[in-house]
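First up is the structure itself, then whatever we jot down about it.
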Amino acid sequence: LARNGFDDEVHRVIASFLHGCQQRPCRVLDLGANVGMMTAYMLYLGAAVVSVEPQADLAEAIRATARSSTAGPTARLFSPRRRARERAA
């Protein structure tokens, strides 16, 4: 993930909330998930992620990001414009 000062702080805060997710179940919601960068990071931390992205092209990017993530927790993607709930990984 590309990092800068702001992103470092965001990543630190997310990691503090999701500390221990690899040992216990964690579920998070990524609203307005864009291309799925935070979805991928939260998957990496061991959380099961529900991503919501209304733009179909960005939802496709999330699917690709989730598929390329390591095995483990899953991501669910909700994209209202497609009117379908799909399993991203």
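As shown in the structure tokens, the chain order sets the letters A, B, ...; within each chain, residues go from 1, and ligands are also counted from 1 in the order they appear.
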
Run DSSP on the backbone and grab whatever in range 8-57 of chain A lands in alpha helix (DSSP H); send it over as JSON, numbers by chain.
{"A": [8, 9, 10, 11, 12, 13, 14, 15, 16, 17, 37, 38, 39, 40, 41, 42, 43, 44, 56, 57]}

What is the CA of His19 in chain A to CA of Pro54 in chain A distance in Å?
28.9 Å

Please, what distance in Å, to one decimal, runs between CA of Gln22 in chain A and CA of Tyr41 in chain A?
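Those two atoms sit 13.1 Å apart.
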
Separation of CA of Val35 in chain A and CA of Arg76 in chain A, in Å?
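Going from CA of Val35 in chain A over to CA of Arg76 in chain A covers 13.7 Å.
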
Give me the residues near range 57-66 of chain A as a list in words, where near means some atom within 8 Å (using only C-alpha atoms) and where sequence neighbours in that chain fewer than 4 positions away do not count.
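Using only C-alpha atoms, the neighbours found are Ala33, Asn34, Val35, Gly36, Met37, Thr39, Ala40, Glu53, Thr74, Ala75, Leu77, Ser79, Ala88 and Ala89 of chain A.
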
Tell me which of A:Cys26, A:Leu43, A:Met38, A:Ala56 sits closest to His11 in chain A, counting only C-alpha atoms.
A:Met38
